[in-house]
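Listing of target.pdb, PDB, C-alpha atoms
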MODEL        1
ATOM      1  CA  MET A   1       0.000   0.000   0.000  1.00  0.00           C
ATOM      2  CA  ASN A   2       1.355   3.443  -0.911  1.00  0.00           C
ATOM      3  CA  THR A   3       1.196   5.566   2.210  1.00  0.00           C
ATOM      4  CA  PRO A   4       1.973   9.206   2.942  1.00  0.00           C
ATOM      5  CA  GLN A   5       5.090  10.108   4.892  1.00  0.00           C
ATOM      6  CA  GLU A   6       4.887   9.138   8.541  1.00  0.00           C
ATOM      7  CA  GLY A   7       6.803   9.637  11.743  1.00  0.00           C
ATOM      8  CA  SER A   8       7.537  13.368  11.463  1.00  0.00           C
ATOM      9  CA  ARG A   9       6.476  15.667  14.273  1.00  0.00           C
ATOM     10  CA  PRO A  10       6.551  19.260  12.985  1.00  0.00           C
ATOM     11  CA  GLY A  11       6.720  21.977  15.595  1.00  0.00           C
ATOM     12  CA  ARG A  12       7.586  19.595  18.437  1.00  0.00           C
ATOM     13  CA  GLY A  13      11.255  20.574  18.793  1.00  0.00           C
ATOM     14  CA  ARG A  14      14.110  18.103  19.293  1.00  0.00           C
ATOM     15  CA  LYS A  15      13.046  14.673  20.587  1.00  0.00           C
ATOM     16  CA  PRO A  16      14.848  12.791  23.354  1.00  0.00           C
ATOM     17  CA  MET A  17      17.507  10.374  22.097  1.00  0.00           C
ATOM     18  CA  GLN A  18      15.431   7.315  23.097  1.00  0.00           C
ATOM     19  CA  ASP A  19      12.446   8.505  21.016  1.00  0.00           C
ATOM     20  CA  SER A  20      14.741   9.236  18.053  1.00  0.00           C
ATOM     21  CA  ARG A  21      16.171   5.710  18.274  1.00  0.00           C
ATOM     22  CA  ALA A  22      12.690   4.159  18.451  1.00  0.00           C
ATOM     23  CA  LEU A  23      11.601   6.103  15.364  1.00  0.00           C
ATOM     24  CA  GLU A  24      14.746   5.058  13.509  1.00  0.00           C
ATOM     25  CA  LEU A  25      14.231   1.377  14.338  1.00  0.00           C
ATOM     26  CA  ARG A  26      10.589   1.481  13.310  1.00  0.00           C
ATOM     27  CA  ARG A  27      11.442   3.106   9.986  1.00  0.00           C
ATOM     28  CA  LYS A  28      14.080   0.416   9.363  1.00  0.00           C
ATOM     29  CA  LEU A  29      11.491  -2.253  10.161  1.00  0.00           C
ATOM     30  CA  ILE A  30       9.060  -0.688   7.673  1.00  0.00           C
ATOM     31  CA  GLU A  31      11.745  -0.863   4.967  1.00  0.00           C
ATOM     32  CA  TRP A  32      12.554  -4.446   6.030  1.00  0.00           C
ATOM     33  CA  LYS A  33       8.897  -5.519   5.773  1.00  0.00           C
ATOM     34  CA  GLN A  34       8.523  -3.908   2.345  1.00  0.00           C
ATOM     35  CA  THR A  35      11.451  -6.004   1.064  1.00  0.00           C
ATOM     36  CA  PRO A  36      10.472  -9.403  -0.449  1.00  0.00           C
ATOM     37  CA  GLU A  37      10.990 -12.231   2.048  1.00  0.00           C
ATOM     38  CA  SER A  38      13.466 -13.948  -0.251  1.00  0.00           C
ATOM     39  CA  SER A  39      15.689 -10.844  -0.218  1.00  0.00           C
ATOM     40  CA  ARG A  40      15.349  -9.575   3.343  1.00  0.00           C
ATOM     41  CA  PRO A  41      17.892 -10.561   6.025  1.00  0.00           C
ATOM     42  CA  PRO A  42      16.768 -12.430   9.162  1.00  0.00           C
ATOM     43  CA  LEU A  43      15.539 -10.236  12.001  1.00  0.00           C
ATOM     44  CA  ARG A  44      18.562 -11.151  14.133  1.00  0.00           C
ATOM     45  CA  ALA A  45      20.918 -10.052  11.347  1.00  0.00           C
ATOM     46  CA  LEU A  46      19.025  -6.762  11.048  1.00  0.00           C
ATOM     47  CA  ALA A  47      19.326  -6.248  14.811  1.00  0.00           C
ATOM     48  CA  ARG A  48      23.096  -6.735  14.646  1.00  0.00           C
ATOM     49  CA  GLU A  49      23.317  -4.335  11.710  1.00  0.00           C
ATOM     50  CA  LEU A  50      21.370  -1.672  13.645  1.00  0.00           C
ATOM     51  CA  GLY A  51      23.325  -2.234  16.859  1.00  0.00           C
ATOM     52  CA  THR A  52      20.310  -3.236  18.912  1.00  0.00           C
ATOM     53  CA  SER A  53      18.908  -6.403  20.476  1.00  0.00           C
ATOM     54  CA  HIS A  54      16.755  -8.945  18.666  1.00  0.00           C
ATOM     55  CA  GLN A  55      14.282  -8.776  21.580  1.00  0.00           C
ATOM     56  CA  LEU A  56      13.785  -5.005  21.235  1.00  0.00           C
ATOM     57  CA  LEU A  57      13.447  -5.205  17.460  1.00  0.00           C
ATOM     58  CA  ALA A  58      10.885  -8.026  17.766  1.00  0.00           C
ATOM     59  CA  PHE A  59       8.939  -5.878  20.261  1.00  0.00           C
ATOM     60  CA  TYR A  60       8.759  -2.972  17.799  1.00  0.00           C
ATOM     61  CA  LEU A  61       7.869  -5.323  14.942  1.00  0.00           C
ATOM     62  CA  ASN A  62       5.005  -6.861  16.923  1.00  0.00           C
ATOM     63  CA  GLY A  63       3.404  -3.450  17.488  1.00  0.00           C
ATOM     64  CA  LEU A  64       4.408  -1.868  14.185  1.00  0.00           C
ATOM     65  CA  GLU A  65       0.961  -1.860  12.551  1.00  0.00           C
ATOM     66  CA  LYS A  66      -0.665  -0.373  15.653  1.00  0.00           C
ATOM     67  CA  TRP A  67       2.014   2.328  15.856  1.00  0.00           C
ATOM     68  CA  ARG A  68       1.681   3.208  12.158  1.00  0.00           C
ATOM     69  CA  GLY A  69      -2.087   3.538  12.517  1.00  0.00           C
ATOM     70  CA  GLU A  70      -1.694   5.842  15.516  1.00  0.00           C
ATOM     71  CA  GLU A  71       0.920   7.934  13.690  1.00  0.00           C
ATOM     72  CA  TYR A  72      -1.340   8.490  10.683  1.00  0.00           C
ATOM     73  CA  TRP A  73      -4.305   9.409  12.911  1.00  0.00           C
ATOM     74  CA  ARG A  74      -2.040  11.903  14.711  1.00  0.00           C
ATOM     75  CA  GLN A  75      -0.835  13.527  11.496  1.00  0.00           C
ATOM     76  CA  ALA A  76      -4.397  13.835  10.176  1.00  0.00           C
ATOM     77  CA  ARG A  77      -5.457  15.517  13.443  1.00  0.00           C
ATOM     78  CA  GLU A  78      -2.503  17.913  13.322  1.00  0.00           C
ATOM     79  CA  ILE A  79      -3.401  19.124   9.826  1.00  0.00           C
ATOM     80  CA  ARG A  80      -6.992  19.837  10.855  1.00  0.00           C
ATOM     81  CA  ALA A  81      -5.971  21.340  14.210  1.00  0.00           C
ATOM     82  CA  ARG A  82      -3.584  23.756  12.498  1.00  0.00           C
ATOM     83  CA  ALA A  83      -6.370  25.089  10.283  1.00  0.00           C
ATOM     84  CA  ILE A  84      -8.689  25.460  13.286  1.00  0.00           C
ATOM     85  CA  ALA A  85      -5.990  27.295  15.265  1.00  0.00           C
ATOM     86  CA  GLU A  86      -5.483  29.693  12.343  1.00  0.00           C
ATOM     87  CA  ASP A  87      -9.269  30.152  12.024  1.00  0.00           C
ATOM     88  CA  ARG A  88      -9.406  29.152   8.368  1.00  0.00           C
ATOM     89  CA  PRO A  89     -10.735  26.323   6.226  1.00  0.00           C
ATOM     90  CA  LEU A  90      -8.459  23.550   5.014  1.00  0.00           C
ATOM     91  CA  THR A  91      -6.727  24.148   1.712  1.00  0.00           C
ATOM     92  CA  GLN A  92      -7.367  21.607  -1.025  1.00  0.00           C
ATOM     93  CA  TRP A  93      -3.925  20.070  -0.474  1.00  0.00           C
ATOM     94  CA  GLU A  94      -4.449  19.849   3.317  1.00  0.00           C
ATOM     95  CA  ASP A  95      -7.839  18.230   2.868  1.00  0.00           C
ATOM     96  CA  GLN A  96      -6.442  15.608   0.479  1.00  0.00           C
ATOM     97  CA  GLN A  97      -3.463  14.974   2.752  1.00  0.00           C
ATOM     98  CA  ALA A  98      -5.627  14.565   5.860  1.00  0.00           C
ATOM     99  CA  LEU A  99      -7.918  12.135   4.023  1.00  0.00           C
ATOM    100  CA  ALA A 100      -4.888  10.168   2.823  1.00  0.00           C
ATOM    101  CA  TYR A 101      -3.670   9.917   6.431  1.00  0.00           C
ATOM    102  CA  ASP A 102      -7.151   8.803   7.530  1.00  0.00           C
ATOM    103  CA  ARG A 103      -7.211   6.011   4.935  1.00  0.00           C
ATOM    104  CA  ALA A 104      -3.715   4.847   5.852  1.00  0.00           C
ATOM    105  CA  ALA A 105      -4.557   4.910   9.574  1.00  0.00           C
ATOM    106  CA  LEU A 106      -7.696   2.845   8.997  1.00  0.00           C
ATOM    107  CA  HIS A 107      -5.737   0.344   6.897  1.00  0.00           C
ATOM    108  CA  PHE A 108      -3.083  -0.286   9.541  1.00  0.00           C
ATOM    109  CA  THR A 109      -5.420  -0.144  12.538  1.00  0.00           C
ATOM    110  CA  THR A 110      -7.757  -2.670  10.939  1.00  0.00           C
ATOM    111  CA  GLY A 111      -4.833  -4.917  10.037  1.00  0.00           C
ATOM    112  CA  TYR A 112      -3.556  -4.820  13.611  1.00  0.00           C
ATOM    113  CA  MET A 113      -6.983  -5.670  15.057  1.00  0.00           C
ATOM    114  CA  LEU A 114      -7.510  -8.568  12.637  1.00  0.00           C
ATOM    115  CA  ARG A 115      -4.081 -10.027  13.349  1.00  0.00           C
ATOM    116  CA  TYR A 116      -4.791  -9.707  17.073  1.00  0.00           C
ATOM    117  CA  SER A 117      -7.987 -11.736  16.530  1.00  0.00           C
ATOM    118  CA  ILE A 118      -6.039 -14.405  14.639  1.00  0.00           C
ATOM    119  CA  LYS A 119      -3.527 -14.651  17.498  1.00  0.00           C
ATOM    120  CA  ARG A 120      -6.392 -15.008  19.973  1.00  0.00           C
ATOM    121  CA  MET A 121      -7.958 -17.799  17.895  1.00  0.00           C
ATOM    122  CA  LYS A 122      -4.597 -19.542  17.600  1.00  0.00           C
ATOM    123  CA  LYS A 123      -4.228 -19.498  21.374  1.00  0.00           C
ATOM    124  CA  ASP A 124      -7.778 -20.839  21.777  1.00  0.00           C
ATOM    125  CA  SER A 125      -7.057 -23.619  19.279  1.00  0.00           C
ATOM    126  CA  GLU A 126      -4.228 -24.858  21.507  1.00  0.00           C
ATOM    127  CA  ARG A 127      -6.822 -25.638  24.200  1.00  0.00           C
ATOM    128  CA  GLY A 128      -9.202 -27.472  21.866  1.00  0.00           C
ATOM    129  CA  PRO A 129     -11.289 -27.194  18.669  1.00  0.00           C
ATOM    130  CA  LEU A 130     -12.501 -23.728  17.679  1.00  0.00           C
ATOM    131  CA  CYS A 131     -16.179 -22.846  17.498  1.00  0.00           C
ATOM    132  CA  TRP A 132     -18.097 -22.480  14.235  1.00  0.00           C
ATOM    133  CA  HIS A 133     -17.987 -18.636  14.298  1.00  0.00           C
ATOM    134  CA  ASP A 134     -14.183 -18.571  14.652  1.00  0.00           C
ATOM    135  CA  VAL A 135     -13.773 -20.982  11.741  1.00  0.00           C
ATOM    136  CA  GLN A 136     -16.025 -18.799   9.574  1.00  0.00           C
ATOM    137  CA  SER A 137     -13.908 -15.754  10.524  1.00  0.00           C
ATOM    138  CA  LEU A 138     -10.742 -17.607   9.519  1.00  0.00           C
ATOM    139  CA  LYS A 139     -12.286 -18.477   6.141  1.00  0.00           C
ATOM    140  CA  MET A 140     -12.903 -14.762   5.478  1.00  0.00           C
ATOM    141  CA  LEU A 141      -9.413 -13.744   6.662  1.00  0.00           C
ATOM    142  CA  ALA A 142      -7.473 -16.539   4.947  1.00  0.00           C
ATOM    143  CA  PRO A 143      -7.202 -14.890   1.478  1.00  0.00           C
ATOM    144  CA  LYS A 144      -5.347 -11.864   2.915  1.00  0.00           C
ATOM    145  CA  PHE A 145      -3.594 -13.307   5.972  1.00  0.00           C
ATOM    146  CA  PRO A 146      -1.313 -16.354   5.497  1.00  0.00           C
ATOM    147  CA  GLU A 147      -1.363 -17.027   9.251  1.00  0.00           C
ATOM    148  CA  ALA A 148      -5.178 -17.286   9.112  1.00  0.00           C
ATOM    149  CA  GLN A 149      -4.950 -19.760   6.194  1.00  0.00           C
ATOM    150  CA  GLU A 150      -2.449 -21.876   8.117  1.00  0.00           C
ATOM    151  CA  LEU A 151      -4.617 -21.912  11.244  1.00  0.00           C
ATOM    152  CA  LEU A 152      -7.756 -22.687   9.206  1.00  0.00           C
ATOM    153  CA  GLU A 153      -6.144 -25.748   7.623  1.00  0.00           C
ATOM    154  CA  LYS A 154      -5.075 -26.995  11.037  1.00  0.00           C
ATOM    155  CA  CYS A 155      -8.556 -26.439  12.498  1.00  0.00           C
ATOM    156  CA  LEU A 156     -10.281 -28.255   9.637  1.00  0.00           C
ATOM    157  CA  GLN A 157      -7.993 -31.235  10.219  1.00  0.00           C
ATOM    158  CA  ASN A 158      -8.650 -31.294  13.961  1.00  0.00           C
ATOM    159  CA  GLY A 159     -12.399 -30.739  13.626  1.00  0.00           C
ATOM    160  CA  ILE A 160     -14.772 -28.019  14.833  1.00  0.00           C
ATOM    161  CA  LYS A 161     -16.217 -27.703  18.324  1.00  0.00           C
ATOM    162  CA  LYS A 162     -19.691 -29.260  18.445  1.00  0.00           C
ATOM    163  CA  ARG A 163     -22.618 -26.883  18.854  1.00  0.00           C
ATOM    164  CA  LYS A 164     -25.116 -27.272  21.658  1.00  0.00           C
ATOM    165  CA  ARG A 165     -27.817 -24.984  23.032  1.00  0.00           C
ATOM    166  CA  PHE A 166     -27.533 -23.658  26.560  1.00  0.00           C
ATOM    167  CA  ALA A 167     -31.000 -25.000  27.391  1.00  0.00           C
ATOM    168  CA  VAL A 168     -29.926 -28.488  26.330  1.00  0.00           C
ATOM    169  CA  ILE A 169     -26.807 -28.307  28.506  1.00  0.00           C
ATOM    170  CA  VAL A 170     -28.912 -27.305  31.525  1.00  0.00           C
ATOM    171  CA  LYS A 171     -31.294 -30.177  30.804  1.00  0.00           C
ATOM    172  CA  GLU A 172     -28.405 -32.644  30.567  1.00  0.00           C
ATOM    173  CA  THR A 173     -26.737 -31.286  33.709  1.00  0.00           C
ATOM    174  CA  PRO A 174     -29.447 -31.506  36.409  1.00  0.00           C
ATOM    175  CA  ARG A 175     -28.858 -30.218  39.900  1.00  0.00           C
ATOM    176  CA  GLN A 176     -27.557 -32.918  42.209  1.00  0.00           C
ATOM    177  CA  GLU A 177     -29.080 -33.615  45.598  1.00  0.00           C
ATOM    178  CA  GLY A 178     -27.721 -31.175  48.179  1.00  0.00           C
ATOM    179  CA  GLU A 179     -25.713 -29.267  45.535  1.00  0.00           C
ATOM    180  CA  THR A 180     -25.394 -25.500  46.000  1.00  0.00           C
ATOM    181  CA  TYR A 181     -26.430 -23.136  43.219  1.00  0.00           C
ATOM    182  CA  ILE A 182     -22.802 -21.939  42.802  1.00  0.00           C
ATOM    183  CA  ALA A 183     -21.496 -25.494  42.351  1.00  0.00           C
ATOM    184  CA  TRP A 184     -24.302 -26.263  39.892  1.00  0.00           C
ATOM    185  CA  ALA A 185     -23.571 -23.112  37.879  1.00  0.00           C
ATOM    186  CA  HIS A 186     -19.852 -23.997  37.788  1.00  0.00           C
ATOM    187  CA  ARG A 187     -20.637 -27.461  36.428  1.00  0.00           C
ATOM    188  CA  ILE A 188     -22.814 -25.933  33.723  1.00  0.00           C
ATOM    189  CA  ARG A 189     -20.077 -23.401  32.837  1.00  0.00           C
ATOM    190  CA  ASP A 190     -17.603 -26.268  32.497  1.00  0.00           C
ATOM    191  CA  GLU A 191     -19.998 -28.088  30.181  1.00  0.00           C
ATOM    192  CA  CYS A 192     -20.557 -24.941  28.087  1.00  0.00           C
ATOM    193  CA  ALA A 193     -16.782 -24.621  27.606  1.00  0.00           C
ATOM    194  CA  LYS A 194     -16.766 -28.013  25.876  1.00  0.00           C
ATOM    195  CA  TYR A 195     -19.210 -26.865  23.192  1.00  0.00           C
ATOM    196  CA  ASP A 196     -19.944 -23.972  20.850  1.00  0.00           C
ATOM    197  CA  THR A 197     -22.847 -22.976  23.093  1.00  0.00           C
ATOM    198  CA  ARG A 198     -25.656 -20.993  21.502  1.00  0.00           C
ATOM    199  CA  LYS A 199     -27.194 -18.100  23.433  1.00  0.00           C
ATOM    200  CA  CYS A 200     -25.106 -18.700  26.539  1.00  0.00           C
ATOM    201  CA  PRO A 201     -26.015 -15.957  29.072  1.00  0.00           C
ATOM    202  CA  THR A 202     -23.248 -13.829  30.522  1.00  0.00           C
ATOM    203  CA  VAL A 203     -24.750 -14.158  34.006  1.00  0.00           C
ATOM    204  CA  ILE A 204     -26.209 -17.506  35.061  1.00  0.00           C
ATOM    205  CA  THR A 205     -28.709 -16.931  37.860  1.00  0.00           C
ATOM    206  CA  GLU A 206     -30.373 -19.573  39.992  1.00  0.00           C
ATOM    207  CA  GLU A 207     -33.795 -18.438  38.734  1.00  0.00           C
ATOM    208  CA  LEU A 208     -32.650 -18.924  35.126  1.00  0.00           C
ATOM    209  CA  LEU A 209     -31.424 -22.458  35.778  1.00  0.00           C
ATOM    210  CA  ASP A 210     -34.614 -23.351  37.656  1.00  0.00           C
ATOM    211  CA  ARG A 211     -36.721 -22.000  34.796  1.00  0.00           C
ATOM    212  CA  TYR A 212     -34.863 -24.042  32.181  1.00  0.00           C
ATOM    213  CA  SER A 213     -35.079 -27.126  34.370  1.00  0.00           C
ATOM    214  CA  GLN A 214     -38.822 -26.681  34.923  1.00  0.00           C
ATOM    215  CA  SER A 215     -39.447 -26.072  31.214  1.00  0.00           C
ATOM    216  CA  SER A 216     -37.632 -29.325  30.475  1.00  0.00           C
ATOM    217  CA  ALA A 217     -39.836 -31.176  32.948  1.00  0.00           C
ATOM    218  CA  LYS A 218     -42.996 -29.664  31.409  1.00  0.00           C
ATOM    219  CA  LYS A 219     -41.880 -30.715  27.942  1.00  0.00           C
ATOM    220  CA  ARG A 220     -41.406 -34.285  29.152  1.00  0.00           C
ATOM    221  CA  LYS A 221     -44.986 -34.281  30.500  1.00  0.00           C
ATOM    222  CA  ILE A 222     -46.339 -32.851  27.263  1.00  0.00           C
ATOM    223  CA  ASN A 223     -44.482 -35.495  25.281  1.00  0.00           C
ATOM    224  CA  LEU A 224     -46.162 -38.392  27.107  1.00  0.00           C
ATOM    225  CA  PRO A 225     -47.986 -40.759  24.679  1.00  0.00           C
ATOM    226  CA  PRO A 226     -51.633 -39.763  24.066  1.00  0.00           C
ATOM    227  CA  VAL A 227     -54.348 -41.698  25.867  1.00  0.00           C
ATOM    228  CA  ALA A 228     -56.541 -43.791  23.585  1.00  0.00           C
ATOM    229  CA  ALA A 229     -60.184 -42.688  23.199  1.00  0.00           C
ATOM    230  CA  ASP A 230     -61.565 -45.982  24.624  1.00  0.00           C
ATOM    231  CA  ALA A 231     -59.277 -45.748  27.637  1.00  0.00           C
ATOM    232  CA  ALA A 232     -60.321 -42.150  28.233  1.00  0.00           C
ATOM    233  CA  LYS A 233     -63.997 -43.187  28.252  1.00  0.00           C
ATOM    234  CA  SER A 234     -63.313 -45.950  30.740  1.00  0.00           C
ATOM    235  CA  PHE A 235     -61.541 -43.435  33.025  1.00  0.00           C
ATOM    236  CA  ARG A 236     -64.575 -41.106  32.916  1.00  0.00           C
ATOM    237  CA  ARG A 237     -67.009 -43.971  33.669  1.00  0.00           C
ATOM    238  CA  ALA A 238     -64.883 -45.048  36.603  1.00  0.00           C
TER     239      ALA A 238
ENDMDL
END

Show me the file's structure as structure tokens.
Amino acid sequence: MNTPQEGSRPGRGRKPMQDSRALELRRKLIEWKQTPESSRPPLRALARELGTSHQLLAFYLNGLEKWRGEEYWRQAREIRARAIAEDRPLTQWEDQQALAYDRAALHFTTGYMLRYSIKRMKKDSERGPLCWHDVQSLKMLAPKFPEAQELLEKCLQNGIKKRKRFAVIVKETPRQEGETYIAWAHRIRDECAKYDTRKCPTVITEELLDRYSQSSAKKRKINLPPVAADAAKSFRRA
């Protein structure tokens, strides 16, 4: 993506040495990322070349998209704030530049948020199969994010978490004799974690569990086999 110039802070004076070094490293990382993978040096080699640690460079790389988004938002705000301070409308060039910064900021901020979601799903997948909604998200992200494609293939091999309604889980997890409401709710939470639970309430109250349990009992009564007409007549005569 072609982006406007970033990282400059007009009118701010001289920055501390640490901030200058951080800006330099981030700019080098941007150049490094824009280089084809087959041609770019390993991150450790780049760290040695820049006279810094691999750990620090990896830290900046991990937050690079977020930082770039914030920088573009800042530069767009500065252009508009300058016009407001001078009590004048934006010039045509300023308006185009601010909009370009807005678009670039949105691009990088969205990219950072989507990659964060992929990392969260990857961590969840290490504890067990992902739910149906996460797999659908990975399918949409896979064309643009190689890490999403890789995770999707792994998830499809391992299977998807089975779906089950919250009401069904409550029905299949009845309250045990002498069991406290808290212990019962914990058992139901543990069962919900095993499934892609539909309409799982954020707060599980005792009244809610009792209601679902009672509705299950009523359904069982309703589902009793119908009484034959002859038998019904004999009951009335008796």

Using all atoms listed in the file, the residue out of A:Gln34, A:Thr109, A:Ser125, A:Thr197 with shortest distance to Val168 in chain A is A:Thr197

Separating CA of Glu191 in chain A from CA of Val203 in chain A, to the nearest tenth of an Å, is a gap of 15.2 Å

Q.
Could you tell me how far CA of Tyr116 in chain A sits from CA of Lys33 in chain A, in Å to one decimal place?
A.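 These two atoms are separated by 18.2 Å.
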
Residue by residue, what does the PyMOL selection byres ((chain A and resi 36-50) around 12) grab here? Present the result as a list of chain:residue names.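 This file, filtered by the PyMOL selection byres ((chain A and resi 36-50) around 12), leaves A:Arg21, A:Ala22, A:Glu24, A:Leu25, A:Arg26, A:Arg27, A:Lys28, A:Leu29, A:Ile30, A:Glu31, A:Trp32, A:Lys33, A:Gln34, A:Thr35, A:Gly51, A:Thr52, A:Ser53, A:His54, A:Gln55, A:Leu56, A:Leu57, A:Ala58, A:Phe59, A:Tyr60, A:Leu61.
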
Name the closest residue to Lys66 in chain A among the candidates A:Gln97, A:Gln92, A:Asn158, A:Thr110; distances are taken between atoms, counting only C-alpha atoms.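 Going through A:Gln97, A:Gln92, A:Asn158, A:Thr110 one by one, the smallest distance to Lys66 in chain A is for A:Thr110.
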
The residue from A:Lys119, A:Trp184, A:Val170, A:Leu114 with the smallest atom-to-atom distance to Lys144 in chain A, counting only C-alpha atoms, is A:Leu114

When the PyMOL selection byres ((chain A and resi 74) around 10) is applied to the structure above, which residues does it catch, written out as a PDB file with C-alpha atoms, in the coordinates of the input?
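As written to disk, expr22.pdb reads:
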ATOM      1  CA  GLU A   6       4.887   9.138   8.541  1.00  0.00           C
ATOM      2  CA  GLY A   7       6.803   9.637  11.743  1.00  0.00           C
ATOM      3  CA  ARG A   9       6.476  15.667  14.273  1.00  0.00           C
ATOM      4  CA  ARG A  68       1.681   3.208  12.158  1.00  0.00           C
ATOM      5  CA  GLY A  69      -2.087   3.538  12.517  1.00  0.00           C
ATOM      6  CA  GLU A  70      -1.694   5.842  15.516  1.00  0.00           C
ATOM      7  CA  GLU A  71       0.920   7.934  13.690  1.00  0.00           C
ATOM      8  CA  TYR A  72      -1.340   8.490  10.683  1.00  0.00           C
ATOM      9  CA  TRP A  73      -4.305   9.409  12.911  1.00  0.00           C
ATOM     10  CA  GLN A  75      -0.835  13.527  11.496  1.00  0.00           C
ATOM     11  CA  ALA A  76      -4.397  13.835  10.176  1.00  0.00           C
ATOM     12  CA  ARG A  77      -5.457  15.517  13.443  1.00  0.00           C
ATOM     13  CA  GLU A  78      -2.503  17.913  13.322  1.00  0.00           C
ATOM     14  CA  ILE A  79      -3.401  19.124   9.826  1.00  0.00           C
ATOM     15  CA  ALA A  98      -5.627  14.565   5.860  1.00  0.00           C
ATOM     16  CA  TYR A 101      -3.670   9.917   6.431  1.00  0.00           C
ATOM     17  CA  ASP A 102      -7.151   8.803   7.530  1.00  0.00           C
ATOM     18  CA  ALA A 105      -4.557   4.910   9.574  1.00  0.00           C
TER      19      ALA A 105
END

Separation of CA of Val135 in chain A and CA of Cys155 in chain A, in Å?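 Interatomic distance here is 7.6 Å.
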